>>> print(open('data-v2.cif').read())   # mmCIF, C-alpha atoms
data_my_file
#
loop_
_atom_site.label_atom_id
_atom_site.label_comp_id
_atom_site.auth_asym_id
_atom_site.auth_seq_id
_atom_site.Cartn_x
_atom_site.Cartn_y
_atom_site.Cartn_z
CA MET M 1 120.26 261.28 137.85
CA VAL M 2 118.80 264.73 137.98
CA ALA M 3 121.05 267.55 136.90
CA ASN M 4 122.31 269.91 139.56
CA ILE M 5 123.47 267.15 141.86
CA ASN M 6 126.66 269.16 142.20
CA GLU M 7 124.61 272.06 143.45
CA ILE M 8 123.01 269.88 146.13
CA GLN M 9 126.41 268.59 147.15
CA SER M 10 128.03 272.01 147.34
CA ALA M 11 125.06 273.48 149.23
CA ALA M 12 125.32 270.61 151.71
CA ALA M 13 129.08 271.08 152.05
CA ALA M 14 128.65 274.81 152.63
CA LEU M 15 126.04 274.24 155.36
CA LEU M 16 128.30 271.73 157.12
CA ASN M 17 131.42 273.87 156.73
CA GLU M 18 129.74 276.98 158.07
CA GLY M 19 128.44 274.99 161.02
CA LYS M 20 124.85 275.87 160.18
CA VAL M 21 123.89 272.19 160.33
CA LYS M 22 125.41 269.16 161.99
CA LEU M 23 123.82 266.62 159.68
CA VAL M 24 122.58 266.47 156.13
CA LEU M 25 119.87 263.91 155.46
CA GLY M 26 119.90 262.93 151.82
CA TYR M 27 119.95 259.99 149.46
CA ARG M 28 122.74 257.90 148.04
CA VAL M 29 122.86 255.11 145.49
CA ARG M 30 123.38 251.51 146.56
CA GLY M 31 123.09 249.15 143.61
CA ASN M 32 119.63 249.65 142.21
CA ASP M 33 118.39 251.14 145.44
CA ARG M 34 118.30 254.64 146.75
CA VAL M 35 119.03 254.62 150.44
CA PRO M 36 119.22 257.39 153.01
CA ALA M 37 122.56 259.11 153.48
CA PHE M 38 123.50 260.68 156.79
CA VAL M 39 126.28 263.12 156.04
CA THR M 40 128.06 264.78 158.94
CA GLN M 41 131.34 265.84 157.28
CA ALA M 42 131.70 268.24 154.39
CA ASP M 43 134.13 265.88 152.66
CA GLN M 44 131.47 263.14 152.50
CA VAL M 45 128.96 265.09 150.41
CA GLY M 46 130.14 263.35 147.24
CA CYS M 47 127.89 260.38 148.07
CA LEU M 48 124.73 262.51 147.87
CA ALA M 49 122.51 261.70 144.93
CA TYR M 50 119.03 262.55 143.82
CA ASP M 51 116.69 261.22 141.15
CA SER M 52 113.09 260.20 140.76
CA ALA M 53 113.75 256.86 142.46
CA CYS M 54 114.40 258.65 145.75
CA THR M 55 110.90 258.08 147.06
CA GLN M 56 111.58 257.49 150.72
CA ASN M 57 110.28 260.30 152.92
CA LEU M 58 113.32 261.39 154.92
CA ALA M 59 111.16 263.47 157.25
CA ALA M 60 110.33 260.16 158.95
CA TYR M 61 113.81 260.23 160.51
CA LEU M 62 113.06 263.46 162.35
CA ARG M 63 111.33 261.55 165.16
CA LYS M 64 114.44 259.47 165.88
CA GLY M 65 116.53 260.47 168.87
CA GLU M 66 119.81 259.81 167.02
CA VAL M 67 118.76 262.26 164.36
CA ARG M 68 117.16 264.81 166.66
CA SER M 69 120.33 265.01 168.71
CA ARG M 70 122.08 266.25 165.57
CA MET M 71 119.80 269.22 165.02
CA PRO M 72 120.07 271.67 163.41
CA LEU M 73 120.09 269.53 160.30
CA ALA M 74 119.31 269.78 156.62
CA VAL M 75 116.98 267.54 154.64
CA VAL M 76 116.93 266.91 150.91
CA ALA M 77 113.23 267.36 150.27
CA ARG M 78 110.93 267.01 147.28
CA PRO M 79 107.58 268.82 147.49
CA GLU M 80 105.82 265.99 149.36
CA VAL M 81 108.62 265.86 151.91
CA MET M 82 108.39 269.64 152.29
CA ARG M 83 104.70 269.17 153.05
CA SER M 84 105.62 266.60 155.69
CA LEU M 85 107.92 269.20 157.25
CA MET M 86 105.04 271.71 157.30
CA LEU M 87 102.83 269.11 158.98
CA LEU M 88 105.51 268.36 161.57
CA THR M 89 105.87 272.10 162.23
CA ALA M 90 102.12 272.52 162.61
CA GLU M 91 102.08 269.58 165.03
CA SER M 92 104.97 271.02 167.07
CA GLN M 93 107.41 268.25 166.22
CA ILE M 94 109.99 270.55 164.66
CA ALA M 95 110.57 274.28 164.80
CA GLU M 96 112.19 276.95 162.68
CA GLY M 97 115.94 276.81 163.11
CA GLN M 98 116.05 273.06 163.63
CA VAL M 99 115.56 272.01 160.03
CA THR M 100 116.94 273.48 156.83
CA VAL M 101 115.50 272.36 153.51
CA LEU M 102 117.48 271.48 150.41
CA ALA M 103 114.60 271.84 147.99
CA VAL M 104 114.53 269.52 145.00
CA ASP M 105 112.01 268.38 142.42
CA GLU M 106 112.23 266.56 139.11
CA GLN M 107 113.53 269.74 137.48
CA GLY M 108 116.46 270.03 139.81
CA PHE M 109 117.70 271.87 142.86
CA HIS M 110 115.83 274.93 144.14
CA GLY M 111 118.06 276.21 146.86
CA VAL M 112 118.52 276.22 150.59
CA LEU M 113 115.43 277.28 152.49
CA ASP M 114 114.30 277.72 156.07
CA LEU M 115 110.85 276.45 157.04
CA ALA M 116 109.15 279.78 156.34
CA GLY M 117 110.79 279.89 152.93
CA THR M 118 109.67 276.31 152.31
CA ALA M 119 106.08 277.23 153.14
CA LYS M 120 106.28 280.09 150.66
CA LEU M 121 107.78 277.91 147.93
CA LEU M 122 105.16 275.19 148.47
CA ASN M 123 102.27 277.58 148.21
CA GLU M 124 103.70 279.38 145.21
CA GLN M 125 105.07 276.48 143.17
CA TYR M 126 103.35 273.32 144.35
CA ALA M 127 99.95 274.50 145.54
CA ARG M 128 98.35 271.75 143.49
CA ILE M 129 100.17 268.48 143.35
CA ALA M 130 97.84 266.48 141.13
CA PRO M 131 97.24 262.99 142.50
CA ASP M 132 98.02 260.04 140.28
CA SER M 133 95.13 259.75 137.81
CA SER M 134 95.17 255.94 137.96
CA LEU M 135 94.59 256.27 141.70
CA MET M 136 91.48 258.35 141.13
CA GLU M 137 90.22 255.92 138.50
CA GLN M 138 90.70 252.95 140.82
CA LEU M 139 88.95 254.78 143.60
CA ALA M 140 86.03 255.63 141.34
CA LYS M 141 85.77 251.94 140.44
CA ILE M 142 85.72 250.89 144.07
CA GLU M 143 83.13 253.49 144.93
CA ALA M 144 80.91 252.21 142.13
CA MET M 145 80.89 248.72 143.68
CA THR M 146 78.19 247.42 146.01
CA PRO M 147 79.09 247.33 149.71
CA GLN M 148 79.51 243.56 149.52
CA GLU M 149 81.93 243.89 146.63
CA ARG M 150 83.85 246.60 148.45
CA SER M 151 84.05 244.44 151.54
CA ALA M 152 85.36 241.53 149.43
CA PHE M 153 87.79 243.80 147.57
CA TRP M 154 89.38 245.11 150.74
CA SER M 155 89.54 241.77 152.50
CA GLU M 156 91.46 240.50 149.47
CA GLN M 157 93.78 243.51 149.62
CA PHE M 158 94.33 243.28 153.37
CA GLU M 159 94.66 239.49 153.37
CA PRO M 160 98.47 239.37 152.79
CA CYS M 161 99.16 241.97 155.50
CA THR M 162 101.53 240.60 158.13
CA ARG M 163 101.14 243.71 160.25
CA CYS M 164 104.86 244.40 160.10
CA TYR M 165 103.99 248.10 160.41
CA ALA M 166 106.55 249.09 157.78
CA CYS M 167 103.88 251.56 156.59
CA ARG M 168 103.92 253.13 160.01
CA ALA M 169 107.72 253.23 160.19
CA ALA M 170 107.96 254.89 156.78
CA CYS M 171 105.48 257.64 157.65
CA PRO M 172 106.72 260.95 159.07
CA GLY M 173 103.23 261.52 160.47
CA CYS M 174 103.33 258.37 162.61
CA PHE M 175 105.42 259.86 165.39
CA CYS M 176 103.46 258.74 168.47
CA GLU M 177 105.78 257.12 170.96
CA ARG M 178 102.99 254.80 172.03
CA CYS M 179 100.95 253.64 169.09
CA ILE M 180 97.48 252.22 169.48
CA VAL M 181 98.65 248.88 168.03
CA GLU M 182 101.02 248.35 170.93
CA MET M 183 98.35 248.83 173.56
CA ASN M 184 97.14 245.59 175.06
CA THR M 185 94.86 246.50 177.95
CA PRO M 186 92.54 246.44 176.16
CA GLN M 187 94.02 245.22 172.93
CA TRP M 188 92.39 247.38 170.31
CA ILE M 189 94.08 245.86 167.29
CA SER M 190 94.23 242.08 167.48
CA THR M 191 97.70 240.66 166.93
CA ALA M 192 96.32 237.31 165.78
CA ALA M 193 97.02 236.27 162.20
CA GLU M 194 93.43 236.90 161.25
CA SER M 195 91.53 239.26 159.09
CA HIS M 196 89.83 241.37 161.75
CA GLY M 197 93.15 242.70 163.03
CA ASN M 198 94.16 243.61 159.49
CA PHE M 199 90.91 245.42 158.93
CA ALA M 200 91.12 247.32 162.21
CA TRP M 201 94.74 248.31 161.58
CA HIS M 202 94.17 249.57 158.06
CA MET M 203 91.06 251.49 159.05
CA ILE M 204 92.76 253.15 161.99
CA ARG M 205 95.98 253.83 160.10
CA ALA M 206 94.01 255.55 157.36
CA PHE M 207 91.81 257.42 159.81
CA HIS M 208 94.77 258.69 161.81
CA GLN M 209 96.00 260.23 158.57
CA ALA M 210 92.88 262.34 158.18
CA GLY M 211 93.99 265.88 157.48
CA ARG M 212 97.60 264.80 157.90
CA CYS M 213 98.64 262.58 155.00
CA VAL M 214 100.69 264.45 152.39
CA GLU M 215 100.38 261.57 149.91
CA CYS M 216 104.13 261.05 149.54
CA GLY M 217 103.59 257.34 148.92
CA ALA M 218 106.32 256.19 151.32
CA CYS M 219 103.99 253.80 153.18
CA GLN M 220 102.92 251.99 150.04
CA ASP M 221 106.52 251.81 148.81
CA ALA M 222 107.57 250.35 152.14
CA CYS M 223 104.85 247.69 152.15
CA PRO M 224 106.43 244.31 151.43
CA GLN M 225 103.04 242.90 150.43
CA GLY M 226 102.03 245.59 147.98
CA ILE M 227 98.86 246.65 149.75
CA PRO M 228 97.41 249.71 147.96
CA LEU M 229 97.56 252.04 150.94
CA MET M 230 97.53 255.11 148.73
CA LEU M 231 93.96 254.34 147.75
CA LEU M 232 92.92 254.81 151.36
CA ASN M 233 95.21 257.79 151.85
CA HIS M 234 93.97 259.56 148.78
CA PHE M 235 90.37 258.83 149.68
CA ILE M 236 90.84 260.33 153.14
CA ALA M 237 92.64 263.39 151.78
CA ARG M 238 89.88 263.93 149.24
CA GLU M 239 87.13 263.62 151.84
CA VAL M 240 88.90 266.00 154.22
CA GLU M 241 89.24 268.57 151.47
CA ARG M 242 85.59 268.17 150.48
CA GLU M 243 84.21 268.32 153.99
CA PHE M 244 86.55 270.74 155.70
CA ASP M 245 88.28 272.52 152.85
CA ALA M 246 91.65 271.60 154.29
CA ARG M 247 94.81 270.26 152.69
CA SER M 248 97.63 269.07 154.85
CA GLY M 249 101.18 270.29 154.68
CA TYR M 250 100.75 273.76 153.27
CA ASP M 251 100.40 275.83 156.39
CA PRO M 252 102.95 275.42 159.20
CA GLN M 253 100.47 277.11 161.56
CA ALA M 254 97.47 275.02 160.51
CA GLU M 255 95.15 273.68 163.18
CA PRO M 256 94.69 269.92 163.02
CA VAL M 257 91.59 269.00 161.01
CA ILE M 258 90.58 266.29 163.43
CA GLY M 259 91.06 268.10 166.71
CA SER M 260 89.56 271.40 165.70
CA TRP M 261 85.96 272.15 164.76
CA LYS M 262 83.54 274.71 163.48
CA GLN M 263 80.05 275.29 164.75
CA ASP M 264 78.62 274.92 161.27
CA ASP M 265 80.40 271.71 160.29
CA LYS M 266 78.10 269.61 158.16
CA GLN M 267 75.94 267.11 159.98
CA GLU M 268 73.26 266.04 157.54
CA TYR M 269 73.81 262.39 158.53
CA ILE M 270 73.10 263.00 162.23
CA ARG M 271 69.47 262.77 163.16
CA MET R 1 87.89 232.01 154.77
CA THR R 2 85.13 230.52 156.82
CA GLN R 3 82.26 232.84 157.49
CA ALA R 4 81.27 232.63 161.10
CA THR R 5 78.02 230.87 161.70
CA THR R 6 76.73 233.38 164.12
CA GLN R 7 73.80 233.06 166.39
CA THR R 8 72.12 235.83 164.46
CA GLU R 9 72.55 234.07 161.15
CA THR R 10 71.18 230.76 162.27
CA LYS R 11 68.19 232.65 163.63
CA ALA R 12 67.73 234.71 160.49
CA GLU R 13 64.12 233.56 160.49
CA GLY R 14 63.09 235.54 163.54
CA PHE R 15 66.11 237.81 163.37
CA GLU R 16 66.80 239.72 166.56
CA PRO R 17 69.54 242.24 165.79
CA ARG R 18 72.38 243.10 168.10
CA ILE R 19 72.85 246.85 168.17
CA VAL R 20 75.52 248.60 170.18
CA ALA R 21 74.86 252.20 171.21
CA PHE R 22 77.69 254.44 172.37
CA VAL R 23 76.10 257.33 174.22
CA CYS R 24 77.28 260.23 176.32
CA ASN R 25 76.57 260.37 180.00
CA TRP R 26 75.02 263.81 180.10
CA CYS R 27 72.45 263.90 177.32
CA THR R 28 71.61 260.67 175.52
CA TYR R 29 72.05 258.44 178.53
CA ALA R 30 69.90 260.79 180.56
CA GLY R 31 67.44 260.77 177.64
CA ALA R 32 67.39 256.98 177.78
CA ASP R 33 66.84 257.21 181.51
CA LEU R 34 63.92 259.56 180.95
CA ALA R 35 62.46 257.15 178.43
CA GLY R 36 62.67 254.47 181.11
CA THR R 37 61.24 256.51 183.96
CA SER R 38 58.49 257.72 181.63
CA ARG R 39 57.63 254.06 181.01
CA LEU R 40 58.07 254.43 177.25
CA GLN R 41 58.22 251.10 175.49
CA TYR R 42 61.04 250.61 173.01
CA ALA R 43 62.79 247.75 171.25
CA PRO R 44 65.11 245.77 173.53
CA HIS R 45 67.87 245.18 170.97
CA VAL R 46 70.20 247.97 171.93
CA ARG R 47 73.13 247.47 174.29
CA ILE R 48 74.01 250.87 175.67
CA VAL R 49 77.63 251.73 176.42
CA LYS R 50 77.81 254.91 178.47
CA LEU R 51 80.79 257.20 178.06
CA PRO R 52 81.51 260.58 179.62
CA CYS R 53 81.14 262.40 176.32
CA THR R 54 80.86 261.72 172.60
CA GLY R 55 84.37 263.16 172.39
CA ARG R 56 85.49 260.04 174.25
CA ILE R 57 84.09 257.75 171.57
CA ASP R 58 87.13 256.60 169.66
CA PRO R 59 86.47 255.15 166.18
CA LEU R 60 88.15 252.05 167.58
CA PHE R 61 85.05 251.49 169.74
CA ILE R 62 82.92 251.30 166.63
CA LEU R 63 85.33 248.87 164.98
CA LYS R 64 85.40 246.77 168.13
CA ALA R 65 81.62 246.53 168.16
CA TYR R 66 81.57 245.35 164.54
CA GLU R 67 84.42 242.98 165.27
CA GLY R 68 82.37 241.39 168.03
CA GLY R 69 79.45 240.89 165.70
CA ALA R 70 77.21 243.92 166.12
CA ASP R 71 74.62 244.17 163.37
CA ALA R 72 74.61 247.94 163.72
CA VAL R 73 76.17 250.66 165.81
CA LEU R 74 74.46 253.78 167.09
CA VAL R 75 76.38 256.78 168.35
CA SER R 76 74.54 259.51 170.18
CA GLY R 77 75.29 262.53 172.32
CA CYS R 78 74.35 266.07 173.22
CA HIS R 79 73.00 268.46 170.62
CA PRO R 80 75.58 270.92 169.25
CA GLY R 81 76.06 273.66 171.78
CA ASP R 82 74.86 271.51 174.68
CA CYS R 83 78.02 269.52 175.39
CA HIS R 84 78.73 269.23 179.09
CA TYR R 85 82.39 269.80 178.22
CA THR R 86 81.52 272.59 175.75
CA SER R 87 83.03 271.11 172.60
CA GLY R 88 83.35 267.33 172.89
CA ASN R 89 80.50 266.71 170.47
CA TYR R 90 81.93 269.16 167.92
CA HIS R 91 85.21 267.28 167.97
CA ALA R 92 83.36 263.98 167.69
CA ARG R 93 81.29 265.21 164.75
CA ARG R 94 84.42 265.91 162.71
CA ARG R 95 85.73 262.44 163.38
CA TRP R 96 82.43 260.79 162.46
CA THR R 97 82.17 262.71 159.21
CA ILE R 98 85.41 261.20 157.95
CA PHE R 99 85.22 257.83 159.67
CA ARG R 100 81.78 256.94 158.37
CA ARG R 101 82.94 257.70 154.84
CA LEU R 102 85.99 255.50 155.34
CA LEU R 103 83.86 252.63 156.66
CA SER R 104 81.55 253.01 153.71
CA LEU R 105 84.51 252.75 151.31
CA ALA R 106 85.68 249.67 153.19
CA GLY R 107 82.34 247.96 152.67
CA VAL R 108 80.22 248.74 155.72
CA GLU R 109 76.85 249.10 154.12
CA GLU R 110 74.32 251.86 154.61
CA GLY R 111 72.12 251.31 157.63
CA ARG R 112 74.78 249.76 159.86
CA LEU R 113 75.96 252.95 161.47
CA PHE R 114 73.68 255.61 162.94
CA PHE R 115 74.35 258.95 164.54
CA SER R 116 72.02 261.16 166.50
CA TRP R 117 71.73 263.94 169.02
CA VAL R 118 69.39 263.16 171.90
CA SER R 119 69.13 265.55 174.82
CA ALA R 120 68.29 264.68 178.42
CA ALA R 121 64.76 265.95 177.85
CA GLU R 122 64.15 263.86 174.73
CA GLY R 123 63.02 260.57 176.19
CA GLN R 124 60.44 260.22 173.46
CA LYS R 125 63.00 260.94 170.75
CA PHE R 126 65.25 258.26 172.24
CA ALA R 127 62.49 255.66 172.23
CA ASP R 128 61.49 256.56 168.68
CA LEU R 129 65.12 256.47 167.56
CA ILE R 130 65.71 253.02 169.01
CA ASN R 131 62.49 251.70 167.51
CA ASP R 132 63.35 253.13 164.13
CA VAL R 133 66.95 251.91 164.12
CA THR R 134 65.86 248.46 165.26
CA ALA R 135 63.19 248.27 162.56
CA GLN R 136 65.71 249.27 159.89
CA VAL R 137 68.29 246.73 161.01
CA LYS R 138 65.65 244.02 161.32
CA ALA R 139 64.56 244.73 157.77
CA ALA R 140 68.17 244.68 156.53
CA GLY R 141 68.84 241.35 158.24
CA PRO R 142 72.08 240.06 159.77
CA PHE R 143 75.25 241.92 158.85
CA LYS R 144 76.67 239.10 156.73
CA HIS R 145 79.29 241.06 154.84
CA ASN R 146 80.72 242.75 157.90
CA PRO R 147 84.37 243.35 156.92
CA ALA R 148 85.45 243.92 160.50
CA ARG R 149 83.97 240.69 161.86
CA ARG R 150 86.13 238.34 163.86
CA GLN R 151 86.13 235.08 161.92
CA ALA R 152 85.33 231.78 163.59
CA TRP R 153 88.01 229.10 163.34
#
>>> encode(input="data-v2.cif", output="structure tokens")
Amino acid sequence: MVANINEIQSAAAALLNEGKVKLVLGYRVRGNDRVPAFVTQADQVGCLAYDSACTQNLAAYLRKGEVRSRMPLAVVARPEVMRSLMLLTAESQIAEGQVTVLAVDEQGFHGVLDLAGTAKLLNEQYARIAPDSSLMEQLAKIEAMTPQERSAFWSEQFEPCTRCYACRAACPGCFCERCIVEMNTPQWISTAAESHGNFAWHMIRAFHQAGRCVECGACQDACPQGIPLMLLNHFIAREVEREFDARSGYDPQAEPVIGSWKQDDKQEYIR
Amino acid sequence: MTQATTQTETKAEGFEPRIVAFVCNWCTYAGADLAGTSRLQYAPHVRIVKLPCTGRIDPLFILKAYEGGADAVLVSGCHPGDCHYTSGNYHARRRWTIFRRLLSLAGVEEGRLFFSWVSAAEGQKFADLINDVTAQVKAAGPFKHNPARRQAW
């Protein structure tokens, strides 16, 4: 357990007592698991916990009506979750005054911040969150393969997918009320237990994260089949940064990468 | 996993590729029309799907074409600056830039996805483009390792 848990608890209690928030979204311990805690009373803050096993991205709850109806609220947020909050602000899903941040990282608690303060902290302290080096190595290996090998690699990875969409549910960015996978006239993503639906889903899921994924890892953690979704996410984030010099979740006023354009965007592949 | 025995594969000898072209109504389709009215001869392997604008071409369309067994997909629209809706092609270009890279990572080989700008006045460019794309796909052969392909069962 990270030190300063008392500080998180007392900050949460103060926010609730002063009526600044109606709900604190945090983590609590249940056996070996870390599960979300929804604290509405100052005398319940004792259940709040935080350590490195708290990997779920609580920003995903901000699309739920039950949670939205309890705004203003506070969220216990590590840097990736703060980036999710910036993304949600940029995409008009939340606004200043609705969400207060209880900033944490592996060093401990960093105070109570509004969204503007969170943006400042992110850009000052966490401007470069280095991606997992094993992820980059794996990606380099895949990129060195022939197309046939890549095709075989991914069909093996996607094969166990049951399309439960836990990856979608875990992602704060997947807030569409009507998702493409639920559309059936025409049915874009086949629901049959066959590989083409898996391929289409994973391609579209990854593509819809372009310029949006904050690489929190919640989707991969949520996947019951252990599909390496972060490989795709990291690839997309890397390509977006290379092509458009954009990194998601740092600017609450950022224009969407896919959905904006520049006249001189590269087009060497278009004849 | 049983690989589909497709028509194209059984005919690999005299392989006639299936190419799906997603084109915009205002430029490339009009360019294709001009090629036709100018009596330009070009390869008959392309099935044209006309859409209002390249901005309307969702990456899902491309996946769907591969899923149905296309050997290659061509996407074409107005030159930058010429979009009938001012910026549809700029929006589309951003999407393509990322999506083609993603497909490449997923195992869609080089030479299975083509992009171009063809204006309404470029009938000759359209005919040349189709001939060139068709020749390339013919040389590459059937898209056997298509990861998006619907499997036969």
>>> closest_residue(input="data-v2.cif", among="M:Ser151, M:Ala59, M:Ala192, M:Asp105", to="Cys174 in chain M", atoms="all atoms listed in the file")
M:Ala59
>>> interface_residues(input="data-v2.cif", of="chain R", to="chain M", cutoff="8 Å", atoms="all atoms listed in the file", output="MDAnalysis selection string")
chainID R and resid 59:60 63:64 67 80 90:91 93:95 97:99 101:109 114:117 145:151
>>> resolve_selection(input="data-v2.cif", expression="the PyMOL selection byres ((chain R and resi 32) around 8)", output="ChimeraX atom specification")
/R:28-31,33-36,120,123,126-127
>>> atom_distance(input="data-v2.cif", atom1="CA of Thr40 in chain M", atom2="CA of Ala119 in chain M")
25.9 Å
>>> atom_distance(input="data-v2.cif", atom1="CA of Asp43 in chain M", atom2="CA of Arg68 in chain M")
22.0 Å
>>> atom_distance(input="data-v2.cif", atom1="CA of Ala70 in chain R", atom2="CA of Pro17 in chain R")
7.9 Å
>>> residues_around(input="data-v2.cif", residues="Asp221 in chain M", least_positions_apart="2", cutoff="10 Å", atoms="all atoms listed in the file", output="list of chain:residue names")
M:Thr55, M:Gln56, M:Ala166, M:Cys167, M:Ala170, M:Cys216, M:Gly217, M:Ala218, M:Cys219, M:Cys223, M:Pro224, M:Gln225, M:Gly226, M:Ile227, M:Pro228, M:Leu229, M:Met230
>>> resolve_selection(input="data-v2.cif", expression="the PyMOL selection byres ((chain M and resi 107) around 10)", output="ChimeraX atom specification")
/M:2-4,51,104-106,108-110
>>> resolve_selection(input="data-v2.cif", expression="the PyMOL selection byres ((chain R and resi 22) around 10)", output="number ranges by chain")
R: 19-21, 23-25, 28-29, 46-51, 53-54, 56-57, 61-62, 65, 73-77, 115
>>> build_atoms(input="data-v2.cif", residues="range 92-110 of chain M", atoms="N, CA and C atoms", output="PDB file, in the coordinates of the input")
ATOM      1  N   SER M  92     103.964 270.719 166.048  1.00  0.00           N
ATOM      2  CA  SER M  92     104.970 271.020 167.070  1.00  0.00           C
ATOM      3  C   SER M  92     106.049 269.949 167.222  1.00  0.00           C
ATOM      4  N   GLN M  93     106.354 269.253 166.148  1.00  0.00           N
ATOM      5  CA  GLN M  93     107.410 268.250 166.220  1.00  0.00           C
ATOM      6  C   GLN M  93     108.764 268.835 165.834  1.00  0.00           C
ATOM      7  N   ILE M  94     108.756 269.845 164.998  1.00  0.00           N
ATOM      8  CA  ILE M  94     109.990 270.550 164.660  1.00  0.00           C
ATOM      9  C   ILE M  94     109.687 272.051 164.684  1.00  0.00           C
ATOM     10  N   ALA M  95     110.754 272.833 164.766  1.00  0.00           N
ATOM     11  CA  ALA M  95     110.570 274.280 164.800  1.00  0.00           C
ATOM     12  C   ALA M  95     111.591 274.937 163.886  1.00  0.00           C
ATOM     13  N   GLU M  96     111.278 276.163 163.498  1.00  0.00           N
ATOM     14  CA  GLU M  96     112.190 276.950 162.680  1.00  0.00           C
ATOM     15  C   GLU M  96     113.569 276.969 163.350  1.00  0.00           C
ATOM     16  N   GLY M  97     114.599 276.814 162.545  1.00  0.00           N
ATOM     17  CA  GLY M  97     115.940 276.810 163.110  1.00  0.00           C
ATOM     18  C   GLY M  97     116.490 275.406 163.317  1.00  0.00           C
ATOM     19  N   GLN M  98     115.589 274.434 163.427  1.00  0.00           N
ATOM     20  CA  GLN M  98     116.050 273.060 163.630  1.00  0.00           C
ATOM     21  C   GLN M  98     116.276 272.341 162.300  1.00  0.00           C
ATOM     22  N   VAL M  99     115.504 272.726 161.308  1.00  0.00           N
ATOM     23  CA  VAL M  99     115.560 272.010 160.030  1.00  0.00           C
ATOM     24  C   VAL M  99     115.725 272.996 158.876  1.00  0.00           C
ATOM     25  N   THR M 100     116.722 272.717 158.055  1.00  0.00           N
ATOM     26  CA  THR M 100     116.940 273.480 156.830  1.00  0.00           C
ATOM     27  C   THR M 100     116.567 272.579 155.663  1.00  0.00           C
ATOM     28  N   VAL M 101     115.980 273.158 154.635  1.00  0.00           N
ATOM     29  CA  VAL M 101     115.500 272.360 153.510  1.00  0.00           C
ATOM     30  C   VAL M 101     116.382 272.555 152.287  1.00  0.00           C
ATOM     31  N   LEU M 102     116.824 271.438 151.720  1.00  0.00           N
ATOM     32  CA  LEU M 102     117.480 271.480 150.410  1.00  0.00           C
ATOM     33  C   LEU M 102     116.401 271.078 149.410  1.00  0.00           C
ATOM     34  N   ALA M 103     115.797 272.082 148.801  1.00  0.00           N
ATOM     35  CA  ALA M 103     114.600 271.840 147.990  1.00  0.00           C
ATOM     36  C   ALA M 103     114.954 271.262 146.628  1.00  0.00           C
ATOM     37  N   VAL M 104     114.323 270.139 146.311  1.00  0.00           N
ATOM     38  CA  VAL M 104     114.530 269.520 145.000  1.00  0.00           C
ATOM     39  C   VAL M 104     113.173 269.145 144.390  1.00  0.00           C
ATOM     40  N   ASP M 105     113.123 269.047 143.090  1.00  0.00           N
ATOM     41  CA  ASP M 105     112.010 268.380 142.420  1.00  0.00           C
ATOM     42  C   ASP M 105     112.566 267.765 141.143  1.00  0.00           C
ATOM     43  N   GLU M 106     111.699 267.265 140.280  1.00  0.00           N
ATOM     44  CA  GLU M 106     112.230 266.560 139.110  1.00  0.00           C
ATOM     45  C   GLU M 106     113.005 267.493 138.174  1.00  0.00           C
ATOM     46  N   GLN M 107     112.773 268.803 138.316  1.00  0.00           N
ATOM     47  CA  GLN M 107     113.530 269.740 137.480  1.00  0.00           C
ATOM     48  C   GLN M 107     114.938 269.997 138.006  1.00  0.00           C
ATOM     49  N   GLY M 108     115.128 269.784 139.282  1.00  0.00           N
ATOM     50  CA  GLY M 108     116.460 270.030 139.810  1.00  0.00           C
ATOM     51  C   GLY M 108     116.435 270.622 141.203  1.00  0.00           C
ATOM     52  N   PHE M 109     117.493 271.346 141.515  1.00  0.00           N
ATOM     53  CA  PHE M 109     117.700 271.870 142.860  1.00  0.00           C
ATOM     54  C   PHE M 109     117.163 273.295 142.954  1.00  0.00           C
ATOM     55  N   HIS M 110     116.448 273.600 144.030  1.00  0.00           N
ATOM     56  CA  HIS M 110     115.830 274.930 144.140  1.00  0.00           C
ATOM     57  C   HIS M 110     116.298 275.729 145.333  1.00  0.00           C
TER      58      HIS M 110
END
